[in-house]
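Okay, data-v5.cif now, which holds mmCIF, C-alpha atoms and all ligand atoms:
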data_upload
#
loop_
_atom_site.label_atom_id
_atom_site.label_comp_id
_atom_site.auth_asym_id
_atom_site.auth_seq_id
_atom_site.Cartn_x
_atom_site.Cartn_y
_atom_site.Cartn_z
CA MET P 1 -22.39 -31.52 -5.34
CA ASN P 2 -19.69 -33.44 -3.46
CA PRO P 3 -18.11 -30.92 -0.96
CA SER P 4 -14.54 -31.48 -2.19
CA ILE P 5 -15.58 -31.01 -5.84
CA LEU P 6 -17.53 -27.89 -4.87
CA ASN P 7 -14.48 -26.57 -3.03
CA GLU P 8 -12.27 -27.20 -6.04
CA LYS P 9 -14.75 -25.41 -8.27
CA LEU P 10 -14.87 -22.36 -5.96
CA ASN P 11 -11.07 -22.27 -5.86
CA ASN P 12 -10.91 -22.40 -9.64
CA LEU P 13 -13.49 -19.61 -9.98
CA ARG P 14 -11.39 -17.44 -7.68
CA THR P 15 -8.15 -18.30 -9.48
CA ILE P 16 -9.64 -17.35 -12.85
CA ALA P 17 -11.08 -14.07 -11.54
CA GLU P 18 -7.77 -13.23 -9.83
CA LEU P 19 -5.72 -13.93 -12.97
CA ILE P 20 -7.99 -11.76 -15.12
CA ILE P 21 -7.68 -8.93 -12.56
CA ARG P 22 -3.88 -9.21 -12.36
CA LYS P 23 -3.29 -9.44 -16.11
CA GLY P 24 -5.94 -6.88 -17.14
CA SER P 25 -7.46 -9.08 -19.85
CA LEU P 26 -7.02 -12.71 -20.90
CA SER P 27 -8.45 -15.10 -23.46
CA ARG P 28 -9.82 -18.54 -22.58
CA PRO P 29 -6.76 -20.29 -24.13
CA ASP P 30 -4.52 -18.01 -21.96
CA LEU P 31 -6.47 -19.06 -18.88
CA ALA P 32 -6.18 -22.75 -19.72
CA ARG P 33 -2.41 -22.36 -20.19
CA LEU P 34 -1.89 -20.36 -16.98
CA THR P 35 -4.11 -22.50 -14.74
CA GLY P 36 -3.40 -25.92 -16.23
CA LEU P 37 -7.18 -26.50 -16.41
CA SER P 38 -8.72 -28.12 -19.48
CA PRO P 39 -10.19 -25.77 -22.12
CA ALA P 40 -13.66 -27.27 -21.42
CA THR P 41 -13.37 -26.52 -17.68
CA VAL P 42 -12.21 -22.96 -18.39
CA THR P 43 -15.17 -22.47 -20.75
CA ASN P 44 -17.64 -23.66 -18.10
CA LEU P 45 -16.12 -21.57 -15.31
CA THR P 46 -15.88 -18.38 -17.39
CA LYS P 47 -19.48 -18.93 -18.50
CA GLU P 48 -20.50 -18.87 -14.84
CA LEU P 49 -18.47 -15.70 -14.12
CA LEU P 50 -19.93 -14.03 -17.23
CA LYS P 51 -23.47 -14.91 -16.12
CA LYS P 52 -22.82 -13.33 -12.71
CA ARG P 53 -21.37 -10.25 -14.50
CA VAL P 54 -18.11 -10.66 -12.54
CA ILE P 55 -16.28 -10.65 -15.89
CA VAL P 56 -17.24 -9.26 -19.31
CA GLU P 57 -16.14 -9.97 -22.89
CA LYS P 58 -14.13 -7.13 -24.43
CA GLY P 59 -12.68 -7.27 -27.94
CA LYS P 60 -10.69 -10.04 -29.54
CA LEU P 61 -7.07 -11.07 -29.56
CA ASP P 62 -5.54 -11.70 -32.98
CA SER P 63 -3.03 -14.49 -32.48
CA GLY P 64 -2.16 -14.46 -36.20
CA LEU P 65 -3.20 -18.10 -36.41
CA GLY P 66 -6.67 -17.78 -37.84
CA ARG P 67 -9.54 -17.62 -35.34
CA LYS P 68 -9.45 -14.67 -32.96
CA ALA P 69 -9.82 -15.41 -29.24
CA LYS P 70 -12.27 -13.24 -27.28
CA LEU P 71 -10.74 -11.31 -24.38
CA LEU P 72 -12.20 -11.44 -20.90
CA GLU P 73 -11.97 -8.52 -18.48
CA PHE P 74 -12.95 -8.09 -14.86
CA ASN P 75 -16.15 -6.06 -14.45
CA SER P 76 -14.79 -3.24 -12.29
CA ARG P 77 -18.30 -1.74 -11.99
CA TYR P 78 -19.71 -4.94 -10.48
CA GLY P 79 -19.93 -2.91 -7.28
CA TYR P 80 -18.23 0.01 -5.53
CA PHE P 81 -15.86 0.50 -2.62
CA VAL P 82 -15.49 3.32 -0.12
CA ASN P 83 -11.76 3.76 0.54
CA VAL P 84 -10.48 5.77 3.50
CA ASN P 85 -6.87 6.86 3.99
CA LEU P 86 -6.14 7.93 7.57
CA ASP P 87 -2.81 9.75 7.68
CA PRO P 88 -1.63 11.97 10.56
CA SER P 89 0.22 14.40 8.29
CA LEU P 90 -2.58 14.83 5.72
CA PRO P 91 -6.31 15.44 5.80
CA THR P 92 -8.27 12.18 5.81
CA SER P 93 -9.06 11.27 2.20
CA ILE P 94 -12.22 9.37 1.40
CA TYR P 95 -12.92 7.98 -2.06
CA LEU P 96 -15.70 6.22 -3.89
CA SER P 97 -14.08 3.90 -6.40
CA ASP P 98 -14.85 1.04 -8.71
CA LEU P 99 -13.48 -2.36 -7.71
CA LEU P 100 -10.09 -1.68 -9.33
CA GLY P 101 -9.61 1.66 -7.58
CA GLY P 102 -10.81 3.95 -10.39
CA VAL P 103 -11.84 7.07 -8.47
CA ILE P 104 -15.43 8.27 -8.97
CA GLU P 105 -15.77 10.77 -6.10
CA LYS P 106 -13.38 12.03 -3.46
CA GLU P 107 -13.47 14.22 -0.40
CA LYS P 108 -10.95 15.47 2.16
CA LYS P 109 -11.64 16.22 5.77
CA TYR P 110 -9.40 17.10 8.70
CA ILE P 111 -9.97 14.56 11.48
CA THR P 112 -7.85 14.80 14.63
CA LEU P 113 -6.51 11.26 14.94
CA LYS P 114 -4.66 11.70 18.20
CA ILE P 115 -6.61 10.91 21.36
CA ILE P 116 -6.30 13.93 23.64
CA ALA P 117 -8.36 15.54 26.43
CA ASP P 118 -11.02 16.97 24.10
CA ASN P 119 -10.85 14.12 21.54
CA SER P 120 -11.84 10.95 23.37
CA GLU P 121 -11.85 7.50 21.78
CA GLU P 122 -15.67 7.68 21.48
CA ALA P 123 -15.55 11.13 19.84
CA LEU P 124 -12.84 10.02 17.41
CA VAL P 125 -14.65 6.84 16.36
CA SER P 126 -17.98 8.60 15.93
CA ASN P 127 -16.27 11.36 13.90
CA ILE P 128 -14.80 8.76 11.52
CA ILE P 129 -18.15 6.96 11.21
CA ASP P 130 -20.07 10.25 10.62
CA THR P 131 -17.59 11.28 7.92
CA ILE P 132 -18.01 7.97 6.07
CA LYS P 133 -21.80 7.99 6.50
CA LYS P 134 -22.18 11.56 5.17
CA PHE P 135 -19.96 10.68 2.20
CA ILE P 136 -22.05 7.59 1.38
CA ASP P 137 -25.33 9.51 1.83
CA SER P 138 -24.13 12.14 -0.65
CA GLN P 139 -23.77 9.54 -3.45
CA ASP P 140 -26.32 8.83 -6.15
CA SER P 141 -28.89 6.28 -4.90
CA VAL P 142 -28.08 3.72 -7.67
CA ILE P 143 -24.39 3.75 -6.73
CA ARG P 144 -25.13 3.82 -2.99
CA LYS P 145 -26.99 0.51 -3.25
CA LYS P 146 -23.99 -1.07 -4.98
CA ILE P 147 -21.37 -0.13 -2.33
CA ILE P 148 -20.19 -3.55 -1.21
CA ALA P 149 -17.34 -2.76 1.20
CA ILE P 150 -15.32 -0.13 3.05
CA GLY P 151 -11.52 -0.30 3.23
CA ILE P 152 -9.35 1.72 5.61
CA SER P 153 -5.60 2.20 5.48
CA ILE P 154 -3.85 3.42 8.59
CA PRO P 155 -0.21 3.91 9.66
CA ALA P 156 -0.70 1.77 12.77
CA VAL P 157 -0.67 -1.82 13.90
CA VAL P 158 -3.83 -3.71 12.99
CA ASN P 159 -3.94 -6.50 15.56
CA LEU P 160 -4.94 -10.05 14.69
CA ASP P 161 -8.39 -9.35 16.20
CA GLU P 162 -8.56 -6.30 13.87
CA THR P 163 -8.43 -3.71 16.65
CA ILE P 164 -5.92 -0.89 16.12
CA TYR P 165 -2.86 -0.04 18.18
CA SER P 166 -0.83 3.15 17.74
CA PRO P 167 1.31 4.75 20.46
CA LEU P 168 1.66 7.80 18.16
CA PHE P 169 -2.13 8.41 18.12
CA LYS P 170 -2.60 6.95 21.62
CA TRP P 171 -4.93 4.31 20.19
CA TYR P 172 -4.83 1.30 22.45
CA ASN P 173 -6.67 -1.51 20.65
CA ILE P 174 -9.59 0.48 19.28
CA PRO P 175 -12.27 -1.77 17.68
CA LEU P 176 -12.80 0.53 14.67
CA LYS P 177 -13.86 -2.24 12.26
CA ALA P 178 -16.59 -3.54 14.56
CA SER P 179 -17.83 -0.01 15.31
CA ILE P 180 -18.12 0.90 11.61
CA GLU P 181 -19.81 -2.40 10.70
CA ASN P 182 -22.30 -2.01 13.58
CA ALA P 183 -23.13 1.55 12.58
CA LEU P 184 -23.24 1.21 8.78
CA SER P 185 -23.88 -2.52 8.14
CA ILE P 186 -21.24 -2.63 5.37
CA PRO P 187 -18.33 -5.14 5.47
CA THR P 188 -15.22 -3.20 6.52
CA PHE P 189 -11.55 -4.14 6.10
CA LEU P 190 -8.61 -2.44 7.83
CA GLU P 191 -4.90 -2.81 7.30
CA ASN P 192 -1.61 -1.07 7.94
CA ILE P 193 -0.79 1.26 5.04
CA ALA P 194 2.62 -0.31 4.28
CA ARG P 195 0.99 -3.74 4.00
CA ILE P 196 -1.73 -2.36 1.72
CA LYS P 197 0.91 -0.87 -0.59
CA ALA P 198 3.04 -4.02 -0.47
CA ILE P 199 0.10 -6.28 -1.36
CA TYR P 200 -0.52 -4.03 -4.39
CA GLU P 201 3.13 -4.26 -5.49
CA MET P 202 2.93 -8.06 -5.40
CA ASN P 203 0.59 -7.83 -8.43
CA PHE P 204 3.59 -6.89 -10.56
CA ILE P 205 5.86 -9.67 -9.36
CA ASP P 206 6.36 -13.01 -11.05
CA ARG P 207 5.60 -15.09 -7.96
CA THR P 208 7.02 -18.22 -9.50
CA VAL P 209 10.45 -16.53 -9.40
CA ASP P 210 10.19 -13.96 -6.58
CA LYS P 211 8.72 -15.87 -3.67
CA ASN P 212 10.60 -14.07 -0.90
CA VAL P 213 10.02 -10.35 -1.18
CA ILE P 214 10.81 -7.51 1.21
CA TYR P 215 8.89 -4.28 0.73
CA LEU P 216 10.12 -1.18 2.52
CA ALA P 217 7.94 1.96 2.78
CA LEU P 218 9.51 5.28 3.79
CA SER P 219 6.23 7.14 4.17
CA PRO P 220 4.18 8.05 6.19
CA GLY P 221 6.30 6.19 8.77
CA ILE P 222 8.83 3.49 7.95
CA GLY P 223 7.34 0.04 7.57
CA MET P 224 8.65 -3.25 6.24
CA VAL P 225 6.53 -6.03 4.81
CA ASN P 226 7.92 -9.52 4.47
CA PHE P 227 6.51 -12.07 2.02
CA TYR P 228 7.89 -15.54 2.56
CA ASP P 229 6.97 -18.09 -0.09
CA SER P 230 4.61 -15.34 -1.43
CA LYS P 231 2.70 -15.23 1.88
CA LEU P 232 2.56 -12.11 4.03
CA ILE P 233 4.24 -12.73 7.38
CA LYS P 234 2.34 -10.96 10.17
CA GLY P 235 4.03 -12.42 13.24
CA LYS P 236 2.45 -13.69 16.45
CA HIS P 237 0.91 -10.29 17.33
CA SER P 238 0.68 -8.92 13.78
CA ILE P 239 3.49 -6.42 14.43
CA ALA P 240 6.11 -8.00 12.13
CA GLY P 241 7.79 -5.30 10.06
CA GLU P 242 7.94 -2.44 12.59
CA ILE P 243 11.45 -1.66 11.45
CA GLY P 244 11.34 2.15 11.72
CA HIS P 245 12.67 2.00 15.27
CA MET P 246 15.67 -0.20 14.50
CA SER P 247 18.71 1.65 15.93
CA LEU P 248 21.18 2.76 13.27
CA ASN P 249 23.20 5.14 15.44
CA ILE P 250 23.89 4.61 19.15
CA LEU P 251 24.84 8.30 19.49
CA GLY P 252 21.84 9.50 17.50
CA GLU P 253 19.12 11.89 18.57
CA GLU P 254 16.24 10.73 20.74
CA CYS P 255 13.15 9.40 18.98
CA TYR P 256 9.54 9.73 20.21
CA CYS P 257 9.65 5.98 20.92
CA GLY P 258 12.24 6.58 23.67
CA ASN P 259 15.10 4.98 21.71
CA LYS P 260 18.02 6.84 20.10
CA GLY P 261 19.22 6.93 16.49
CA CYS P 262 16.18 5.15 15.00
CA PHE P 263 16.01 4.38 11.25
CA GLU P 264 12.90 6.58 10.96
CA LEU P 265 14.81 9.65 12.21
CA TYR P 266 17.12 9.48 9.16
CA CYS P 267 14.89 8.12 6.41
CA GLY P 268 11.26 8.72 7.45
CA GLU P 269 9.96 11.37 5.07
CA SER P 270 8.24 13.43 7.76
CA ASN P 271 11.50 13.56 9.75
CA ILE P 272 13.49 14.65 6.70
CA ILE P 273 10.97 17.42 6.10
CA LYS P 274 11.33 18.48 9.75
CA SER P 275 15.12 18.65 9.32
CA ALA P 276 14.66 20.72 6.14
CA MET P 277 12.33 23.10 7.98
CA ALA P 278 15.02 23.55 10.63
CA LEU P 279 17.49 24.51 7.86
CA ILE P 280 15.06 27.21 6.72
CA THR P 281 14.52 28.51 10.26
CA GLU P 282 18.29 28.70 10.79
CA ASN P 283 18.74 30.54 7.45
CA GLN P 284 21.02 27.81 6.14
CA SER P 285 19.11 27.01 2.97
CA PRO P 286 18.40 30.15 0.94
CA ILE P 287 17.47 28.17 -2.20
CA LEU P 288 14.94 25.98 -0.39
CA SER P 289 13.62 29.04 1.47
CA ASP P 290 13.00 30.70 -1.90
CA ILE P 291 11.19 27.65 -3.32
CA VAL P 292 8.76 27.37 -0.41
CA ARG P 293 8.56 31.11 0.33
CA ASN P 294 4.80 31.37 -0.22
CA SER P 295 3.79 28.31 1.76
CA PRO P 296 6.56 26.93 4.00
CA GLU P 297 3.98 24.62 5.64
CA ASP P 298 3.53 22.81 2.29
CA ILE P 299 7.21 21.83 2.04
CA ASP P 300 7.51 18.32 0.59
CA ILE P 301 10.15 15.91 -0.69
CA LYS P 302 9.70 17.22 -4.24
CA ALA P 303 10.70 20.72 -3.07
CA LEU P 304 13.82 19.28 -1.42
CA PHE P 305 14.95 17.63 -4.67
CA GLN P 306 14.22 20.86 -6.54
CA ALA P 307 16.47 22.79 -4.10
CA GLN P 308 19.18 20.12 -4.33
CA GLN P 309 19.15 20.26 -8.14
CA MET P 310 19.43 24.05 -7.99
CA GLY P 311 22.62 23.72 -5.90
CA ASP P 312 21.43 23.84 -2.27
CA MET P 313 24.37 22.09 -0.59
CA LYS P 314 22.75 21.73 2.85
CA VAL P 315 19.73 19.99 1.35
CA HIS P 316 22.07 17.86 -0.79
CA LYS P 317 23.89 16.75 2.35
CA LEU P 318 20.62 15.97 4.12
CA LEU P 319 19.42 13.80 1.23
CA GLU P 320 22.81 12.10 0.79
CA GLU P 321 22.85 11.24 4.49
CA ALA P 322 19.32 9.78 4.16
CA GLY P 323 20.62 7.62 1.27
CA LYS P 324 23.55 6.33 3.31
CA TYR P 325 21.36 5.42 6.29
CA LEU P 326 18.86 3.79 3.96
CA GLY P 327 21.69 1.71 2.47
CA LEU P 328 22.80 0.68 5.95
CA ALA P 329 19.25 -0.40 6.83
CA LEU P 330 18.87 -2.27 3.52
CA ALA P 331 22.13 -4.15 4.16
CA ASN P 332 20.78 -5.22 7.57
CA VAL P 333 17.51 -6.33 6.00
CA VAL P 334 19.28 -8.31 3.25
CA ASN P 335 21.58 -9.99 5.75
CA CYS P 336 18.60 -10.94 7.92
CA PHE P 337 16.18 -12.16 5.24
CA ASP P 338 18.20 -12.91 2.07
CA PRO P 339 15.20 -11.98 -0.13
CA ASP P 340 14.74 -12.70 -3.85
CA ARG P 341 13.64 -9.10 -4.33
CA LEU P 342 13.65 -5.80 -2.43
CA ILE P 343 11.09 -3.12 -3.25
CA VAL P 344 11.47 0.38 -1.80
CA SER P 345 8.67 2.95 -1.88
CA GLY P 346 8.35 6.63 -1.06
CA ASP P 347 8.80 10.02 -2.72
CA LEU P 348 12.34 10.03 -1.31
CA ILE P 349 13.36 7.42 -3.87
CA GLY P 350 10.57 8.00 -6.41
CA GLU P 351 11.17 11.68 -7.17
CA SER P 352 14.90 11.47 -7.93
CA ASN P 353 17.72 8.90 -8.13
CA LEU P 354 20.03 10.67 -5.62
CA VAL P 355 18.88 8.91 -2.42
CA TYR P 356 18.23 5.62 -4.22
CA ASP P 357 21.71 5.52 -5.82
CA CYS P 358 23.43 6.44 -2.52
CA ALA P 359 21.43 3.73 -0.74
CA VAL P 360 22.22 0.98 -3.26
CA GLU P 361 25.93 1.89 -3.23
CA GLU P 362 26.04 1.85 0.57
CA MET P 363 24.07 -1.40 0.76
CA ARG P 364 26.42 -3.19 -1.64
CA LYS P 365 29.42 -2.04 0.42
CA ARG P 366 27.97 -3.41 3.64
CA VAL P 367 25.98 -6.49 2.73
CA PHE P 368 27.47 -9.90 3.44
CA ASP P 369 29.43 -10.62 0.29
CA ILE P 370 27.88 -13.83 -0.94
CA LEU P 371 24.46 -12.20 -0.94
CA SER P 372 25.59 -9.06 -2.76
CA ARG P 373 26.02 -10.99 -5.99
CA ASN P 374 22.33 -11.30 -6.68
CA ILE P 375 20.05 -8.77 -5.01
CA ASP P 376 17.19 -7.49 -7.11
CA ILE P 377 16.22 -4.09 -5.78
CA GLU P 378 13.63 -1.87 -7.37
CA LYS P 379 11.49 1.19 -6.81
CA ALA P 380 7.83 0.63 -6.03
CA ARG P 381 5.39 1.24 -8.86
CA LEU P 382 2.61 2.82 -6.81
CA LYS P 383 2.73 6.61 -6.61
CA SER P 384 1.64 8.10 -3.27
CA SER P 385 -1.18 9.89 -5.13
CA ASP P 386 -2.58 6.50 -6.27
CA ILE P 387 -3.16 5.09 -2.78
CA VAL P 388 -6.82 4.38 -3.61
CA LYS P 389 -5.75 1.74 -6.18
CA ALA P 390 -3.87 -0.07 -3.42
CA ILE P 391 -6.75 0.15 -0.90
CA ALA P 392 -9.24 -1.15 -3.49
CA ASN P 393 -6.84 -3.96 -4.43
CA PHE P 394 -6.60 -4.93 -0.75
CA ILE P 395 -10.40 -4.99 -0.28
CA LEU P 396 -10.83 -6.92 -3.53
CA GLY P 397 -8.36 -9.55 -2.32
CA LYS P 398 -10.40 -9.93 0.87
CA MET P 399 -13.72 -10.13 -1.00
CA LEU P 400 -12.79 -12.10 -4.10
CA ASP P 401 -14.19 -15.36 -2.78
CA ASP P 402 -17.55 -13.69 -2.14
CA ILE P 403 -17.55 -11.88 -5.49
CA ALA P 404 -16.47 -14.85 -7.62
CA THR P 405 -18.85 -17.27 -6.00
CA THR P 406 -21.85 -15.04 -5.34
CA LYS P 407 -25.27 -16.26 -6.54
ZN ZN O 1 12.19 5.31 17.48
#
What does this structure look like when you write it as structure tokens?
Ligand SMILES: [Zn+2]
Amino acid sequence: MNPSILNEKLNNLRTIAELIIRKGSLSRPDLARLTGLSPATVTNLTKELLKKRVIVEKGKLDSGLGRKAKLLEFNSRYGYFVNVNLDPSLPTSIYLSDLLGGVIEKEKKYITLKIIADNSEEALVSNIIDTIKKFIDSQDSVIRKKIIAIGISIPAVVNLDETIYSPLFKWYNIPLKASIENALSIPTFLENIARIKAIYEMNFIDRTVDKNVIYLALSPGIGMVNFYDSKLIKGKHSIAGEIGHMSLNILGEECYCGNKGCFELYCGESNIIKSAMALITENQSPILSDIVRNSPEDIDIKALFQAQQMGDMKVHKLLEEAGKYLGLALANVVNCFDPDRLIVSGDLIGESNLVYDCAVEEMRKRVFDILSRNIDIEKARLKSSDIVKAIANFILGKMLDDIATTK
């Protein structure tokens, strides 16, 4: 086949598979309408995807106009992914999932991520590899043979050469991807956790309308992801979006980064929890103390909102202040990027409207007027407990060419 025709065909196969994944299920007439391809071309391409078992026929759509159109769905059990969530404040979670992130098995293990005297880079990397290997070895042999990729989310910078940089963990360009692929011979994909979540959120956006999107994550650290013309902007060194250390208060407290008054100090969820713990230690929050009496180490954002709703004024003030700083940061972001849409994620805005409402009010007060007339701001759809769906979606995006065009 002529190379340019072959290329066009591969592109169309990918487009069809991607549309079916994003929409859940589609009929052939839907696909022809959405892609602009002729019904005959859609029939041929879907026939090929059906033969490869990339898609399957499921039920029929009654259009009310006589003949019912068969619905096509992505075959989520075409293969399996191993998804790993490395998070400094939680145990490492490792999941076996189908290709859409449906969890089949999961395991948690404490892995010390920080490189210290008795946790060298070599020890850390081999610990991560051993954990993944043992998890894979424990799976049923039929499933094990169908594991087609590993995906890892990490709150760190993933450099353009896919090494990892994190001053917090003292990781200085660790080649984790290459090490895992060498040891396990399974394609491995790594990305910063905020980007993984943001890529997932883009599935719910009408990209013909919202081309310029800013996604802001408040947990585990603060990260911003910028889509310009629907493309993720990584920057020259892949560090675009490290907004957590933007100064919001020149007189603020010192941050671990060496700066003062950083955004993350006021709105990063782990910092807010630290401030709440200080309130408990200083006996200033009897209601919150009561709520977390049995396990103060498990204090989370949900417990803070519970205390606030029960009348804890100190916690209320802490959350209100977080909302105001968030609004200030959002105004800066809007003035810098003038996005079509802003998406904010994190339990801090997902568990209650208090912080979110304060932030939107503050943002509208501060944003450059002409822009304030039309800012679409919304809460992210992904719950923190559903991170595996986002990791699987990220791996699938990376592998879709291979999956759609495989022999
Ligand atoms: Zn900082």
message = Counting only C-alpha atoms, I want the residues whose atoms come within 9 Å of (0.1, 8.1, 0.0) in the file frame, returned as a list in words.
response =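 Answer for this query, in the requested form: Asn85, Asp87, Ile193, Ser219, Pro220, Gly346, Leu382, Lys383, Ser384, Ser385, Asp386, Ile387 and Val388 of chain P.
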task = Please provide as a ChimeraX atom specification all residues within 7 Å of Lys146 (chain P), with the sequence filter that same-chain residues fewer than 4 positions apart are discarded (counting only C-alpha atoms).
result = /P:79-80,142
task = Could you tell me, counting all atoms listed in the file, which protein and nucleic acid residues lie no more than 12 Å from ligand ZN 1 (chain O), written as a ChimeraX atom specification?
result = /P:167-168,221-222,242-250,252-268,271
query = Hey, which of P:Ser120, P:Ile55, P:Thr406, P:Glu321 ends up closest to Ala359 (chain P)? Count all atoms listed in the file.
reply = P:Glu321
Might you pull out every residue within 8 Å of region 20-23 of chain P, with all atoms listed in the file counted and same-chain residues fewer than 6 positions away left off, and present them as a PDB file with C-alpha atoms, in the coordinates of the input?
ATOM      1  CA  LEU P  72     -12.200 -11.440 -20.900  1.00  0.00           C
ATOM      2  CA  GLU P  73     -11.970  -8.520 -18.480  1.00  0.00           C
ATOM      3  CA  PHE P  74     -12.950  -8.090 -14.860  1.00  0.00           C
ATOM      4  CA  ASN P 203       0.590  -7.830  -8.430  1.00  0.00           C
TER       5      ASN P 203
END
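Considering the residues P:Ala392, P:Ala149, P:Leu45, P:Met363 and counting all atoms listed in the file, Val333 (chain P) has its shortest atom-to-atom contact with P:Met363.
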inquiry  = Just to confirm, what's the straight-line distance from CA of Gly235 (chain P) to CA of Arg195 (chain P) in Å (one decimal)?
reply    = 13.0 Å
request  = Determine, counting all atoms listed in the file, which protein, DNA and RNA residues have an atom within 8 Å of an atom of Ile16 (chain P); residues of the same chain fewer than 6 positions away are not included. Present the result as a list in words.
outcome  =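 Skipping anything fewer than 6 positions along the chain leaves Leu31, Thr35 and Thr46 of chain P.
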